[in-house]
>>> print(open('target_5.cif').read())   # mmCIF, C-alpha atoms and all ligand atoms
data_model
#
loop_
_atom_site.group_PDB
_atom_site.id
_atom_site.type_symbol
_atom_site.label_atom_id
_atom_site.label_comp_id
_atom_site.auth_asym_id
_atom_site.auth_seq_id
_atom_site.Cartn_x
_atom_site.Cartn_y
_atom_site.Cartn_z
ATOM 1 C CA MET K 734 -5.545 -30.187 30.200
ATOM 2 C CA LYS K 735 -2.468 -28.490 31.594
ATOM 3 C CA GLU K 736 0.807 -28.863 29.681
ATOM 4 C CA LYS K 737 3.327 -30.849 31.717
ATOM 5 C CA LYS K 738 6.532 -28.880 32.170
ATOM 6 C CA ASP K 739 9.989 -30.460 32.359
ATOM 7 C CA LYS K 740 11.638 -30.496 35.743
ATOM 8 C CA MET K 741 14.628 -28.283 35.085
ATOM 9 C CA PRO K 742 17.990 -29.877 35.826
ATOM 10 C CA SER K 743 19.693 -28.522 38.910
ATOM 11 C CA PHE K 744 22.841 -26.417 38.684
ATOM 12 C CA LEU K 745 24.910 -29.442 39.761
ATOM 13 C CA ASP K 746 23.223 -31.635 37.136
ATOM 14 C CA LYS K 747 24.100 -29.066 34.461
ATOM 15 C CA VAL K 748 27.733 -28.790 35.595
ATOM 16 C CA SER K 749 28.032 -32.570 35.686
ATOM 17 C CA SER K 750 26.521 -32.846 32.198
ATOM 18 C CA VAL K 751 28.846 -30.180 30.769
ATOM 19 C CA ILE K 752 31.943 -31.812 32.304
ATOM 20 C CA LYS K 753 30.950 -35.266 31.020
ATOM 21 C CA ASP K 754 30.181 -33.962 27.490
ATOM 22 C CA THR K 755 33.348 -31.848 27.345
ATOM 23 C CA LYS K 756 35.555 -34.760 28.421
ATOM 24 C CA ARG K 757 34.026 -37.047 25.803
ATOM 25 C CA TRP K 758 34.335 -34.354 23.086
ATOM 26 C CA ILE K 759 38.026 -33.717 23.882
ATOM 27 C CA PHE K 760 38.808 -37.437 24.211
ATOM 28 C CA HIS K 761 37.414 -38.027 20.694
ATOM 29 C CA GLY K 762 39.454 -35.233 19.101
ATOM 30 C CA ALA K 763 37.233 -32.197 19.731
ATOM 31 C CA GLN K 764 35.538 -32.527 16.351
ATOM 32 C CA SER K 765 32.610 -30.443 15.175
ATOM 33 C CA VAL K 766 29.807 -31.508 12.867
ATOM 34 C CA THR K 767 29.271 -29.920 9.451
ATOM 35 C CA LYS K 768 27.192 -26.770 9.198
ATOM 36 C CA GLU K 769 24.424 -28.828 7.539
ATOM 37 C CA GLU K 770 24.377 -31.335 10.415
ATOM 38 C CA PHE K 771 24.357 -28.521 12.969
ATOM 39 C CA MET K 772 21.378 -26.952 11.178
ATOM 40 C CA ARG K 773 19.580 -30.313 11.096
ATOM 41 C CA ARG K 774 20.076 -30.761 14.832
ATOM 42 C CA ALA K 775 19.035 -27.162 15.519
ATOM 43 C CA ARG K 776 15.817 -27.678 13.523
ATOM 44 C CA ILE K 777 14.988 -30.806 15.547
ATOM 45 C CA CYS K 778 15.576 -28.929 18.816
ATOM 46 C CA ASN K 779 13.532 -25.942 17.655
ATOM 47 C CA GLU K 780 10.544 -28.219 17.079
ATOM 48 C CA CYS K 781 11.045 -30.211 20.284
ATOM 49 C CA PRO K 782 8.619 -29.601 23.196
ATOM 50 C CA HIS K 783 11.578 -29.757 25.617
ATOM 51 C CA PHE K 784 13.453 -26.891 23.934
ATOM 52 C CA ILE K 785 13.473 -23.620 25.904
ATOM 53 C CA HIS K 786 13.575 -20.915 23.233
ATOM 54 C CA LYS K 787 14.144 -18.059 25.673
ATOM 55 C CA SER K 788 17.502 -19.450 26.863
ATOM 56 C CA ASN K 789 18.307 -21.658 23.817
ATOM 57 C CA THR K 790 18.724 -24.601 26.179
ATOM 58 C CA CYS K 791 17.435 -28.142 26.408
ATOM 59 C CA GLY K 792 14.893 -28.618 29.198
ATOM 60 C CA ILE K 793 16.124 -32.161 29.808
ATOM 61 C CA CYS K 794 19.915 -31.812 30.102
ATOM 62 C CA GLY K 795 20.087 -28.023 30.535
ATOM 63 C CA CYS K 796 22.788 -27.707 27.867
ATOM 64 C CA TRP K 797 23.156 -24.621 25.718
ATOM 65 C CA MET K 798 22.282 -25.975 22.281
ATOM 66 C CA GLU K 799 24.336 -23.429 20.315
ATOM 67 C CA VAL K 800 27.405 -25.314 21.594
ATOM 68 C CA LYS K 801 26.122 -28.827 22.230
ATOM 69 C CA ALA K 802 24.652 -29.320 18.741
ATOM 70 C CA LYS K 803 28.021 -28.439 17.167
ATOM 71 C CA TRP K 804 29.991 -31.165 18.928
ATOM 72 C CA LYS K 805 30.267 -34.398 17.001
ATOM 73 C CA THR K 806 30.088 -36.502 20.168
ATOM 74 C CA SER K 807 26.931 -34.835 21.520
ATOM 75 C CA GLU K 808 23.689 -36.740 21.815
ATOM 76 C CA CYS K 809 20.134 -35.670 22.438
ATOM 77 C CA PRO K 810 18.969 -37.057 25.811
ATOM 78 C CA LYS K 811 15.719 -38.116 24.076
ATOM 79 C CA ARG K 812 17.681 -39.791 21.222
ATOM 80 C CA LYS K 813 16.297 -37.469 18.567
ATOM 81 C CA TRP K 814 19.790 -36.812 17.190
ATOM 82 C CA GLY K 815 23.351 -37.852 17.941
ATOM 83 C CA ASN K 816 25.388 -40.981 17.370
ATOM 84 C CA GLU K 817 22.704 -43.591 18.014
ATOM 85 C CA ALA K 818 19.810 -41.578 16.621
ATOM 86 C CA ASP K 819 21.819 -40.672 13.522
ATOM 87 C CA SER K 820 22.739 -44.247 12.763
ATOM 88 C CA LYS K 821 18.996 -45.056 12.827
ATOM 89 C CA PHE K 822 18.314 -41.950 10.722
ATOM 90 C CA TYR K 823 20.866 -42.893 8.094
ATOM 91 C CA LYS K 824 19.648 -46.512 8.032
ATOM 92 C CA SER K 825 16.104 -45.327 7.400
ATOM 93 C CA GLU K 826 17.381 -43.021 4.643
ATOM 94 C CA LYS K 827 18.912 -46.016 2.823
ATOM 95 C CA ASN K 828 15.744 -48.132 3.020
HETATM 96 S S1 LIG S 901 18.544 -32.022 22.801
HETATM 97 FE FE1 LIG S 901 16.840 -33.398 22.320
HETATM 98 S S2 LIG S 901 15.439 -33.253 24.072
HETATM 99 FE FE2 LIG S 901 16.834 -31.507 24.149
HETATM 100 S S3 LIG S 901 15.741 -29.871 23.059
HETATM 101 FE FE3 LIG S 901 17.064 -30.885 21.559
HETATM 102 S S4 LIG S 901 15.767 -32.444 20.614
HETATM 103 FE FE4 LIG S 901 14.756 -31.819 22.511
#
>>> encode(input="target_5.cif", output="structure tokens", more="lines below")
Ligand code: SF4
Amino acid sequence: MKEKKDKMPSFLDKVSSVIKDTKRWIFHGAQSVTKEEFMRRARICNECPHFIHKSNTCGICGCWMEVKAKWKTSECPKRKWGNEADSKFYKSEKN
């Protein structure tokens, strides 16, 4: 069976995504995550089937993960990490 490839976001989709993420990041104080949290996010992306290793980008949103994973306000489009995913992650850690 052939592996289904992601439909790469268009250039305009990428620009729109970057503008939206940058505005939200600046509006919330331009904060970065800790090095440990960045490494956790990077590990999740590295194991994700949507991650494009050659360009270090996400195949869903087209973002460059070296930057996106450092921003506190960033979220994975598949909810694998980020504000909502992390709250679930931390809840499951407590249980
Ligand atoms: S941001 Fe999410 S969907 Fe994109 S590569 Fe990382 S884990 Fe996968």
>>> residues_near_ligand(input="target_5.cif", ligand="ligand LIG 901 (chain S)", cutoff="6 Å", atoms="all atoms listed in the file", output="list of chain:residue names")
K:Ile777, K:Cys778, K:Cys781, K:His783, K:Phe784, K:Cys791, K:Ile793, K:Cys809, K:Pro810, K:Lys811, K:Lys813
>>> resolve_selection(input="target_5.cif", expression="the PyMOL selection byres (((chain K and resi 785-790) around 12) and not hetatm)", output="JSON, numbers by chain")
{"K": [738, 739, 741, 742, 747, 775, 778, 779, 780, 781, 782, 783, 784, 791, 792, 793, 794, 795, 796, 797, 798, 799, 800, 801, 802, 809]}
>>> write_last_selection(input="target_5.cif", atoms="C-alpha atoms", output="compact mmCIF listing (two decimals), in the frame of the given file")
# COMPACT_ATOMS: atom_id res chain seq x y z
CA LYS K 738 6.53 -28.88 32.17
CA ASP K 739 9.99 -30.46 32.36
CA MET K 741 14.63 -28.28 35.08
CA PRO K 742 17.99 -29.88 35.83
CA LYS K 747 24.10 -29.07 34.46
CA ALA K 775 19.04 -27.16 15.52
CA CYS K 778 15.58 -28.93 18.82
CA ASN K 779 13.53 -25.94 17.66
CA GLU K 780 10.54 -28.22 17.08
CA CYS K 781 11.04 -30.21 20.28
CA PRO K 782 8.62 -29.60 23.20
CA HIS K 783 11.58 -29.76 25.62
CA PHE K 784 13.45 -26.89 23.93
CA CYS K 791 17.43 -28.14 26.41
CA GLY K 792 14.89 -28.62 29.20
CA ILE K 793 16.12 -32.16 29.81
CA CYS K 794 19.92 -31.81 30.10
CA GLY K 795 20.09 -28.02 30.54
CA CYS K 796 22.79 -27.71 27.87
CA TRP K 797 23.16 -24.62 25.72
CA MET K 798 22.28 -25.98 22.28
CA GLU K 799 24.34 -23.43 20.32
CA VAL K 800 27.40 -25.31 21.59
CA LYS K 801 26.12 -28.83 22.23
CA ALA K 802 24.65 -29.32 18.74
CA CYS K 809 20.13 -35.67 22.44
>>> atom_distance(input="target_5.cif", atom1="CA of Ile752 in chain K", atom2="CA of Ser765 in chain K")
17.2 Å
>>> resolve_selection(input="target_5.cif", expression="the PyMOL selection byres (((chain K and resi 764) around 7) and not hetatm)", output="PDB file with C-alpha atoms, in the frame of the given file")
ATOM      1  CA  GLY K 762      39.454 -35.233  19.101  1.00  0.00           C
ATOM      2  CA  ALA K 763      37.233 -32.197  19.731  1.00  0.00           C
ATOM      3  CA  SER K 765      32.610 -30.443  15.175  1.00  0.00           C
ATOM      4  CA  VAL K 766      29.807 -31.508  12.867  1.00  0.00           C
ATOM      5  CA  TRP K 804      29.991 -31.165  18.928  1.00  0.00           C
ATOM      6  CA  LYS K 805      30.267 -34.398  17.001  1.00  0.00           C
TER       7      LYS K 805
END
>>> atom_distance(input="target_5.cif", atom1="CA of Arg774 in chain K", atom2="CA of Trp814 in chain K")
6.5 Å
>>> atom_distance(input="target_5.cif", atom1="CA of Arg812 in chain K", atom2="CA of Trp758 in chain K")
17.6 Å
